[in-house]
file work_37.txt (compact mmCIF, C-alpha atoms and all ligand atoms)
# COMPACT_ATOMS: atom_id res chain seq x y z
CA MET A 1 -15.35 -20.85 14.94
CA LYS A 2 -12.91 -18.76 12.94
CA LYS A 3 -9.92 -16.94 14.49
CA ILE A 4 -9.14 -14.03 12.19
CA MET A 5 -6.15 -11.70 12.24
CA VAL A 6 -6.63 -8.40 10.39
CA THR A 7 -3.73 -6.11 9.38
CA GLY A 8 -4.35 -2.44 8.63
CA ALA A 9 -7.29 -2.66 11.01
CA LEU A 10 -7.56 1.11 11.50
CA GLY A 11 -7.64 1.85 7.77
CA GLN A 12 -10.63 2.68 5.58
CA ILE A 13 -11.72 -0.92 5.04
CA GLY A 14 -10.09 -2.45 8.13
CA SER A 15 -11.94 -0.38 10.71
CA GLU A 16 -15.34 -1.46 9.43
CA LEU A 17 -14.25 -4.96 8.51
CA VAL A 18 -13.15 -5.66 12.09
CA ALA A 19 -16.54 -4.54 13.44
CA LYS A 20 -18.37 -6.71 10.86
CA LEU A 21 -16.20 -9.78 11.58
CA ARG A 22 -16.62 -9.32 15.33
CA ALA A 23 -20.38 -9.19 14.89
CA GLU A 24 -20.30 -12.37 12.73
CA TYR A 25 -17.71 -14.44 14.57
CA GLY A 26 -17.43 -12.96 18.09
CA SER A 27 -15.25 -10.12 19.38
CA ASN A 28 -12.54 -12.31 20.83
CA ASN A 29 -12.14 -14.23 17.58
CA VAL A 30 -10.89 -11.21 15.64
CA LEU A 31 -7.44 -9.76 16.31
CA ALA A 32 -7.13 -6.21 14.98
CA THR A 33 -3.58 -5.03 14.21
CA ASP A 34 -2.28 -1.73 12.89
CA ILE A 35 0.86 0.37 12.92
CA ARG A 36 -1.15 3.05 14.70
CA VAL A 37 -2.61 2.61 18.17
CA SER A 38 -6.35 2.11 18.53
CA ASP A 39 -8.36 4.35 20.83
CA ASN A 40 -11.14 1.76 21.29
CA ARG A 41 -9.26 -1.36 22.30
CA GLU A 42 -12.02 -2.48 24.64
CA GLU A 43 -14.08 -3.72 21.67
CA GLY A 44 -11.75 -6.69 21.16
CA PRO A 45 -8.12 -7.75 20.94
CA PHE A 46 -5.76 -5.20 19.37
CA GLU A 47 -1.99 -5.33 18.82
CA ARG A 48 0.43 -2.91 17.23
CA LEU A 49 2.01 -4.31 14.09
CA ASP A 50 4.24 -2.90 11.38
CA VAL A 51 3.54 -5.31 8.51
CA THR A 52 7.15 -5.10 7.33
CA ASP A 53 8.12 -6.83 10.61
CA ALA A 54 7.66 -10.50 9.66
CA ASP A 55 8.74 -11.91 13.03
CA ASN A 56 6.20 -9.88 14.96
CA MET A 57 3.48 -10.75 12.45
CA HIS A 58 4.26 -14.46 12.85
CA ALA A 59 4.35 -14.22 16.66
CA LEU A 60 1.03 -12.36 16.86
CA ALA A 61 -0.75 -14.78 14.51
CA LYS A 62 0.66 -17.79 16.36
CA ASP A 63 -0.12 -16.51 19.87
CA PHE A 64 -3.65 -15.60 18.81
CA GLY A 65 -4.17 -19.06 17.27
CA ALA A 66 -5.28 -17.49 14.00
CA ASP A 67 -6.73 -19.68 11.27
CA THR A 68 -7.38 -16.78 8.87
CA MET A 69 -5.33 -13.76 7.77
CA MET A 70 -6.98 -10.70 6.24
CA HIS A 71 -4.19 -8.48 5.01
CA MET A 72 -5.55 -4.97 4.49
CA ALA A 73 -2.50 -2.76 5.20
CA ALA A 74 -1.45 -0.88 2.05
CA LEU A 75 -0.77 2.57 0.64
CA LEU A 76 -3.45 3.75 -1.82
CA SER A 77 -2.87 4.95 -5.38
CA ALA A 78 -2.24 8.70 -5.03
CA THR A 79 0.01 8.34 -1.97
CA ALA A 80 1.94 5.52 -3.60
CA GLU A 81 2.60 7.72 -6.64
CA LYS A 82 4.16 10.37 -4.38
CA ASN A 83 6.57 7.89 -2.80
CA PRO A 84 6.92 4.86 -5.11
CA LEU A 85 9.85 3.17 -3.37
CA PHE A 86 8.16 3.37 0.03
CA ALA A 87 4.96 2.04 -1.58
CA TRP A 88 6.82 -0.92 -3.09
CA ASN A 89 8.44 -1.76 0.24
CA LEU A 90 5.24 -1.46 2.25
CA ASN A 91 2.76 -2.94 -0.22
CA MET A 92 4.94 -5.80 -1.46
CA GLY A 93 6.93 -6.37 1.73
CA GLY A 94 3.78 -6.45 3.84
CA LEU A 95 2.00 -8.80 1.44
CA MET A 96 4.98 -11.16 1.19
CA ASN A 97 5.21 -11.33 4.98
CA ALA A 98 1.48 -11.96 5.33
CA LEU A 99 1.61 -14.73 2.72
CA GLU A 100 4.66 -16.34 4.33
CA VAL A 101 3.13 -16.24 7.82
CA SER A 102 -0.04 -17.75 6.36
CA ARG A 103 1.97 -20.50 4.67
CA GLU A 104 3.92 -21.25 7.85
CA LEU A 105 0.77 -21.38 10.00
CA ASP A 106 -1.60 -22.69 7.28
CA LEU A 107 -4.05 -19.78 7.44
CA GLN A 108 -6.86 -19.03 5.03
CA PHE A 109 -5.84 -15.79 3.32
CA PHE A 110 -7.60 -12.69 1.98
CA THR A 111 -6.15 -9.51 0.52
CA PRO A 112 -7.84 -6.92 -1.69
CA SER A 113 -6.64 -5.99 -5.15
CA SER A 114 -8.13 -3.01 -6.94
CA ILE A 115 -9.37 -1.57 -10.24
CA GLY A 116 -5.91 0.04 -10.05
CA ALA A 117 -4.51 -3.29 -11.24
CA PHE A 118 -5.74 -2.32 -14.73
CA GLY A 119 -4.05 0.15 -17.06
CA PRO A 120 -4.60 2.24 -20.18
CA SER A 121 -4.45 -0.76 -22.53
CA THR A 122 -7.14 -2.65 -20.57
CA PRO A 123 -10.62 -2.62 -22.21
CA LYS A 124 -12.44 0.28 -20.50
CA GLN A 125 -16.04 -0.89 -20.83
CA GLY A 126 -17.19 -4.17 -19.33
CA THR A 127 -13.59 -4.91 -18.32
CA PRO A 128 -13.40 -8.73 -18.25
CA GLN A 129 -12.16 -10.79 -15.31
CA ASP A 130 -9.20 -12.05 -17.34
CA THR A 131 -7.73 -9.33 -19.51
CA LEU A 132 -4.69 -7.15 -20.22
CA GLN A 133 -3.12 -5.75 -17.05
CA ARG A 134 -0.36 -3.26 -17.77
CA PRO A 135 -0.93 -0.58 -15.08
CA THR A 136 1.09 2.64 -15.21
CA THR A 137 1.06 3.44 -11.46
CA MET A 138 3.20 2.00 -8.66
CA TYR A 139 -0.01 1.04 -6.84
CA GLY A 140 -1.16 -0.84 -9.93
CA VAL A 141 2.19 -2.59 -10.31
CA ASN A 142 1.92 -3.65 -6.65
CA LYS A 143 -1.63 -4.89 -7.13
CA VAL A 144 -0.85 -6.98 -10.24
CA ALA A 145 2.22 -8.44 -8.56
CA GLY A 146 0.09 -9.13 -5.48
CA GLU A 147 -2.58 -10.93 -7.51
CA LEU A 148 0.09 -13.09 -9.13
CA LEU A 149 1.78 -13.80 -5.78
CA CYS A 150 -1.51 -14.92 -4.23
CA ASP A 151 -2.16 -17.23 -7.19
CA TYR A 152 1.40 -18.52 -6.87
CA TYR A 153 0.95 -19.36 -3.17
CA PHE A 154 -2.26 -21.22 -4.02
CA HIS A 155 -0.73 -23.26 -6.86
CA LYS A 156 2.69 -23.83 -5.28
CA PHE A 157 1.79 -24.34 -1.62
CA GLY A 158 -1.95 -25.04 -1.68
CA LEU A 159 -2.57 -21.96 0.46
CA ASP A 160 -6.28 -21.00 0.47
CA THR A 161 -5.79 -17.50 -0.96
CA ARG A 162 -8.83 -15.45 -2.02
CA GLY A 163 -9.26 -11.83 -3.13
CA VAL A 164 -11.30 -9.24 -5.00
CA ARG A 165 -10.51 -6.21 -7.11
CA PHE A 166 -12.27 -3.45 -5.21
CA PRO A 167 -13.51 -0.32 -6.95
CA GLY A 168 -13.62 3.00 -5.06
CA LEU A 169 -15.20 2.31 -1.67
CA ILE A 170 -17.58 4.84 -0.13
CA SER A 171 -18.26 5.03 3.59
CA TYR A 172 -19.23 7.48 6.33
CA VAL A 173 -17.08 5.77 8.98
CA ALA A 174 -13.34 5.98 8.29
CA HIS A 175 -11.93 8.43 5.76
CA PRO A 176 -9.98 6.95 2.86
CA GLY A 177 -6.40 8.17 2.79
CA GLY A 178 -4.63 9.01 -0.45
CA GLY A 179 -6.83 7.28 -3.02
CA THR A 180 -7.90 8.51 -6.46
CA THR A 181 -11.57 7.69 -5.84
CA ASP A 182 -11.68 9.63 -2.54
CA TYR A 183 -13.58 12.48 -4.22
CA ALA A 184 -16.69 10.30 -4.08
CA VAL A 185 -16.44 10.31 -0.27
CA ASP A 186 -15.32 13.95 0.17
CA ILE A 187 -18.27 15.18 -1.89
CA TYR A 188 -20.78 13.98 0.73
CA TYR A 189 -18.95 15.74 3.58
CA LYS A 190 -18.79 19.01 1.60
CA ALA A 191 -22.41 18.69 0.52
CA LEU A 192 -23.49 18.69 4.16
CA GLN A 193 -20.88 21.13 5.47
CA GLU A 194 -20.74 23.72 2.66
CA GLY A 195 -23.46 22.88 0.13
CA LYS A 196 -20.89 22.74 -2.66
CA TYR A 197 -17.88 20.70 -3.78
CA THR A 198 -14.89 21.37 -5.99
CA SER A 199 -13.94 18.10 -7.68
CA TYR A 200 -10.32 17.22 -8.41
CA ILE A 201 -11.61 14.62 -10.90
CA ALA A 202 -12.91 15.99 -14.21
CA GLU A 203 -16.52 15.80 -15.32
CA GLY A 204 -17.04 12.78 -17.56
CA THR A 205 -14.47 10.56 -15.78
CA TYR A 206 -16.21 7.28 -15.02
CA MET A 207 -14.94 4.95 -12.29
CA ASP A 208 -16.43 1.92 -10.55
CA MET A 209 -17.61 2.37 -6.97
CA MET A 210 -19.24 0.40 -4.16
CA TYR A 211 -20.81 1.21 -0.79
CA MET A 212 -18.87 -0.19 2.16
CA PRO A 213 -21.59 -2.55 3.50
CA ASP A 214 -21.60 -4.33 0.13
CA ALA A 215 -17.80 -4.51 0.11
CA LEU A 216 -17.67 -6.05 3.60
CA GLN A 217 -20.36 -8.60 2.72
CA ALA A 218 -18.39 -9.52 -0.41
CA ILE A 219 -15.33 -10.32 1.72
CA VAL A 220 -17.34 -12.52 4.09
CA ASP A 221 -19.15 -14.27 1.22
CA LEU A 222 -15.97 -14.97 -0.72
CA MET A 223 -14.20 -16.34 2.37
CA GLU A 224 -17.20 -18.60 3.12
CA ALA A 225 -17.54 -19.75 -0.51
CA ASP A 226 -17.24 -23.43 -1.43
CA PRO A 227 -13.67 -23.74 -2.77
CA SER A 228 -14.71 -26.36 -5.32
CA LYS A 229 -16.80 -23.67 -7.07
CA LEU A 230 -13.90 -21.21 -7.42
CA VAL A 231 -12.38 -21.22 -10.89
CA HIS A 232 -10.55 -18.02 -10.02
CA ARG A 233 -9.23 -17.48 -6.51
CA ASN A 234 -7.74 -14.04 -6.41
CA ALA A 235 -8.79 -10.72 -7.59
CA PHE A 236 -12.41 -11.20 -8.60
CA ASN A 237 -13.81 -8.10 -10.30
CA VAL A 238 -16.52 -6.65 -8.02
CA THR A 239 -18.49 -3.45 -8.52
CA ALA A 240 -21.86 -1.93 -7.66
CA MET A 241 -22.00 1.13 -9.91
CA SER A 242 -20.04 3.28 -12.32
CA PHE A 243 -20.49 7.05 -12.34
CA GLU A 244 -18.72 10.32 -13.10
CA PRO A 245 -18.68 13.40 -10.85
CA SER A 246 -21.74 15.17 -12.28
CA GLN A 247 -23.82 12.03 -11.75
CA ILE A 248 -22.99 11.72 -8.05
CA ALA A 249 -23.71 15.45 -7.78
CA ALA A 250 -27.12 14.89 -9.39
CA ALA A 251 -27.83 12.09 -6.91
CA ILE A 252 -26.94 14.40 -4.01
CA ARG A 253 -29.18 17.12 -5.47
CA LYS A 254 -32.16 14.76 -5.09
CA GLN A 255 -31.59 15.12 -1.32
CA ILE A 256 -30.05 18.62 -1.22
CA PRO A 257 -31.54 20.55 -4.18
CA THR A 258 -29.21 23.56 -3.77
CA PHE A 259 -26.01 21.45 -3.93
CA GLU A 260 -23.44 22.68 -6.46
CA ILE A 261 -20.33 21.13 -8.01
CA ASP A 262 -17.43 22.76 -9.84
CA TYR A 263 -14.04 21.48 -10.97
CA ASP A 264 -10.38 22.14 -10.22
CA VAL A 265 -8.72 19.10 -11.74
CA ASP A 266 -5.63 17.62 -10.08
CA PRO A 267 -3.49 16.41 -13.01
CA GLU A 268 -1.85 13.60 -11.02
CA ARG A 269 -5.02 11.99 -9.74
CA GLN A 270 -6.79 12.66 -13.05
CA ALA A 271 -4.02 10.78 -14.89
CA ILE A 272 -4.47 7.82 -12.55
CA ALA A 273 -8.25 7.86 -13.04
CA ASP A 274 -7.82 8.08 -16.83
CA SER A 275 -5.67 4.95 -16.79
CA TRP A 276 -8.38 2.90 -15.02
CA PRO A 277 -11.48 1.23 -16.51
CA ASP A 278 -14.82 3.03 -16.77
CA ALA A 279 -16.88 0.00 -15.76
CA ILE A 280 -15.70 -3.50 -14.92
CA ASP A 281 -17.60 -6.77 -15.36
CA ALA A 282 -18.28 -8.79 -12.18
CA THR A 283 -19.82 -11.86 -13.84
CA ALA A 284 -17.14 -14.29 -12.59
CA ALA A 285 -17.77 -13.23 -8.95
CA VAL A 286 -21.53 -13.61 -9.45
CA GLU A 287 -21.18 -17.05 -11.02
CA GLU A 288 -18.48 -18.52 -8.78
CA TRP A 289 -19.56 -17.33 -5.32
CA GLY A 290 -22.84 -15.46 -5.66
CA PHE A 291 -21.54 -11.88 -5.42
CA LYS A 292 -24.39 -9.39 -5.05
CA VAL A 293 -24.93 -5.81 -3.92
CA ASP A 294 -27.72 -3.97 -2.12
CA TYR A 295 -26.81 -0.37 -2.90
CA ASP A 296 -27.01 1.61 -6.15
CA LEU A 297 -26.06 5.28 -6.41
CA ASP A 298 -29.37 6.71 -5.15
CA LYS A 299 -29.78 4.27 -2.25
CA MET A 300 -26.16 4.78 -1.19
CA THR A 301 -26.49 8.57 -1.42
CA ALA A 302 -29.61 8.65 0.77
CA ASP A 303 -27.94 6.43 3.38
CA MET A 304 -24.59 8.29 3.28
CA LEU A 305 -26.21 11.69 3.78
CA GLU A 306 -28.44 10.43 6.59
CA LYS A 307 -25.62 8.72 8.50
CA LEU A 308 -23.10 11.47 7.87
CA GLN A 309 -25.53 14.11 9.11
CA LEU A 310 -25.79 12.29 12.43
CA LYS A 311 -22.01 11.89 12.59
CA LEU A 312 -21.29 15.56 11.87
CA LYS A 313 -23.75 16.85 14.50
C1 LIG B 401 -7.70 4.28 -4.72
O1 LIG B 401 -8.34 5.20 -5.25
O2 LIG B 401 -6.46 4.23 -4.67
C2 LIG B 401 -8.47 3.12 -4.14
C3 LIG B 401 -8.63 2.03 -5.13
C4 LIG B 401 -9.64 2.13 -6.20
O3 LIG B 401 -7.92 1.06 -5.07
N1 LIG B 401 -9.75 3.59 -3.65
call {"tool": "encode", "arguments": {"input": "work_37.txt", "output": "structure tokens"}}
result
Amino acid sequence: MKKIMVTGALGQIGSELVAKLRAEYGSNNVLATDIRVSDNREEGPFERLDVTDADNMHALAKDFGADTMMHMAALLSATAEKNPLFAWNLNMGGLMNALEVSRELDLQFFTPSSIGAFGPSTPKQGTPQDTLQRPTTMYGVNKVAGELLCDYYFHKFGLDTRGVRFPGLISYVAHPGGGTTDYAVDIYYKALQEGKYTSYIAEGTYMDMMYMPDALQAIVDLMEADPSKLVHRNAFNVTAMSFEPSQIAAAIRKQIPTFEIDYDVDPERQAIADSWPDAIDATAAVEEWGFKVDYDLDKMTADMLEKLQLKLK
């Protein structure tokens, strides 16, 4: 049975990932850690951890008897752009510590990269797995460096590092904090609460997206994959859909016919979105470890609105 330590466990992905892993592998086999304090500790082991504190990270992983590290703690793109030095220290310092602890204790390792690892010179349509990566954001610089570091630890030390490039992730559970793709979550809340949404991303701006259940399954599937089948190890392109704001609005209108969208573009987040691909190609993930998704835009929208309605009651 696996013993998995998760950093950033109260974040957008972490909070649902911990629940999924506990359901798959048993509550006591998943140690949730975060810089914040959890209010539902009774669901399984939880420890406070600042990922820039390497000694504490090592001690927690060792005491828990971890055999797997899932390093999720990171600042997202828009927040990182507001405080680039802090982002470098947290995103790179945290990752380096997590890789070192994993090397010292021989842990299987997962960390997510992002579509943010691509830049304006990357092909925008059908973005290949292996392509130009010259991002123009601090988040993107961190993600490319992180992908390379994870590959380095695999080749140099034989560490079993694995990762995906996530697109925007959409969920009704935890709110994303400080991402560029967050509009695609906010829009569902506003649709139910106010019947209208003002988008900070311009009409016509395509970005890749995925519903959280598919993202969590992708992590589990990649970590369970036969290593002999993996040509790539880190940063597999994964995506479920690509849309622009008026298309998600149209999908919502199928459920809420009176829903309206207008635009008040935020130049900073728009510039980030413009530097990212429109639609990436996930063929390598499909071929090497059977990546698949259950949700397209309409199915996700129906589920989001149903679950969110219950949550907002
Ligand atoms: C963000 O918008 O920063 C993230 C991402 C695509 O990595 N959701």
call {"tool": "residues_near_ligand", "arguments": {"input": "work_37.txt", "ligand": "ligand LIG 401 (chain B)", "cutoff": "7 Å", "atoms": "only C-alpha atoms and all ligand atoms", "output": "PDB file with C-alpha atoms, in the frame of the given file"}}
result
ATOM      1  CA  LEU A  76      -3.450   3.750  -1.820  1.00  0.00           C
ATOM      2  CA  SER A  77      -2.870   4.950  -5.380  1.00  0.00           C
ATOM      3  CA  ALA A  78      -2.240   8.700  -5.030  1.00  0.00           C
ATOM      4  CA  SER A 114      -8.130  -3.010  -6.940  1.00  0.00           C
ATOM      5  CA  ILE A 115      -9.370  -1.570 -10.240  1.00  0.00           C
ATOM      6  CA  GLY A 116      -5.910   0.040 -10.050  1.00  0.00           C
ATOM      7  CA  PHE A 166     -12.270  -3.450  -5.210  1.00  0.00           C
ATOM      8  CA  PRO A 167     -13.510  -0.320  -6.950  1.00  0.00           C
ATOM      9  CA  GLY A 168     -13.620   3.000  -5.060  1.00  0.00           C
ATOM     10  CA  LEU A 169     -15.200   2.310  -1.670  1.00  0.00           C
ATOM     11  CA  GLY A 178      -4.630   9.010  -0.450  1.00  0.00           C
ATOM     12  CA  GLY A 179      -6.830   7.280  -3.020  1.00  0.00           C
ATOM     13  CA  THR A 180      -7.900   8.510  -6.460  1.00  0.00           C
ATOM     14  CA  THR A 181     -11.570   7.690  -5.840  1.00  0.00           C
ATOM     15  CA  ASP A 182     -11.680   9.630  -2.540  1.00  0.00           C
TER      16      ASP A 182
END
call {"tool": "atom_distance", "arguments": {"input": "work_37.txt", "atom1": "CA of Val185 in chain A", "atom2": "CA of Met304 in chain A"}}
result
9.1 Å
call {"tool": "closest_residue", "arguments": {"input": "work_37.txt", "among": "A:Met72, A:Ala66, A:Met138, A:Leu310", "to": "Trp88 in chain A", "atoms": "only C-alpha atoms"}}
result
A:Met138
call {"tool": "closest_residue", "arguments": {"input": "work_37.txt", "among": "A:Glu81, A:Asp106, A:Gly146, A:Leu305", "to": "Gly94 in chain A", "atoms": "all atoms listed in the file"}}
result
A:Gly146
call {"tool": "closest_residue", "arguments": {"input": "work_37.txt", "among": "A:Ile170, A:Leu31, A:Ala19, A:Ala273", "to": "Gly204 in chain A", "atoms": "all atoms listed in the file"}}
result
A:Ala273
call {"tool": "closest_residue", "arguments": {"input": "work_37.txt", "among": "A:Phe109, A:Asp298, A:Ile187, A:Tyr206", "to": "Lys254 in chain A", "atoms": "all atoms listed in the file"}}
result
A:Asp298
call {"tool": "closest_atom_pairs", "arguments": {"input": "work_37.txt", "of": "range 157-232 of chain A", "to": "range 265-269 of chain A", "cutoff": "6 Å", "atoms": "only C-alpha atoms", "output": "tab-separated table"}}
result
residue	atom	partner	partner_atom	distance
A:Thr180	CA	A:Arg269	CA	5.6
A:Tyr200	CA	A:Val265	CA	4.1
A:Ile201	CA	A:Val265	CA	5.4
A:Ala202	CA	A:Val265	CA	5.8
call {"tool": "closest_residue", "arguments": {"input": "work_37.txt", "among": "A:Leu21, A:Met212, A:Ala98, A:Ile4", "to": "Tyr295 in chain A", "atoms": "all atoms listed in the file"}}
result
A:Met212
call {"tool": "atom_distance", "arguments": {"input": "work_37.txt", "atom1": "CA of Met209 in chain A", "atom2": "CA of Ser242 in chain A"}}
result
5.9 Å
call {"tool": "closest_atom_pairs", "arguments": {"input": "work_37.txt", "of": "range 94-121 of chain A", "to": "range 57-62 of chain A", "cutoff": "8 Å", "atoms": "all atoms listed in the file", "output": "JSON lines"}}
result
{"residue": "A:Asn97", "atom": "CA", "partner": "A:Met57", "partner_atom": "CA", "distance": 7.7}
{"residue": "A:Ala98", "atom": "CA", "partner": "A:Met57", "partner_atom": "CA", "distance": 7.5}
{"residue": "A:Val101", "atom": "CA", "partner": "A:His58", "partner_atom": "CA", "distance": 5.5}
{"residue": "A:Leu105", "atom": "CA", "partner": "A:Lys62", "partner_atom": "CA", "distance": 7.3}
call {"tool": "closest_residue", "arguments": {"input": "work_37.txt", "among": "A:Pro277, A:Pro84, A:Pro257, A:Gly65", "to": "Gly126 in chain A", "atoms": "all atoms listed in the file"}}
result
A:Pro277
call {"tool": "residues_near_point", "arguments": {"input": "work_37.txt", "point": "(6.6, -9.9, 0.4)", "cutoff": "12 Å", "atoms": "all atoms listed in the file", "output": "PyMOL selection string"}}
result
chain A and resi 51-54+71+88-102+142+145-146+148-150+153
call {"tool": "atom_distance", "arguments": {"input": "work_37.txt", "atom1": "CA of Ala73 in chain A", "atom2": "CA of Lys156 in chain A"}}
result
24.1 Å
call {"tool": "residues_around", "arguments": {"input": "work_37.txt", "residues": "Phe259 in chain A", "least_positions_apart": "4", "cutoff": "7 Å", "atoms": "only C-alpha atoms", "output": "number ranges by chain"}}
result
A: 191, 195-196, 253
call {"tool": "residues_around", "arguments": {"input": "work_37.txt", "residues": "Pro128 in chain A", "least_positions_apart": "5", "cutoff": "9 Å", "atoms": "all atoms listed in the file", "output": "list in words"}}
result
Pro123, Asn237, Ile280, Asp281, Ala282, Thr283 and Ala284 of chain A
call {"tool": "residues_around", "arguments": {"input": "work_37.txt", "residues": "Glu47 in chain A", "least_positions_apart": "2", "cutoff": "12 Å", "atoms": "all atoms listed in the file", "output": "ChimeraX atom specification"}}
result
/A:5-10,30-42,44-45,49-51,56-57,59-61,63-64
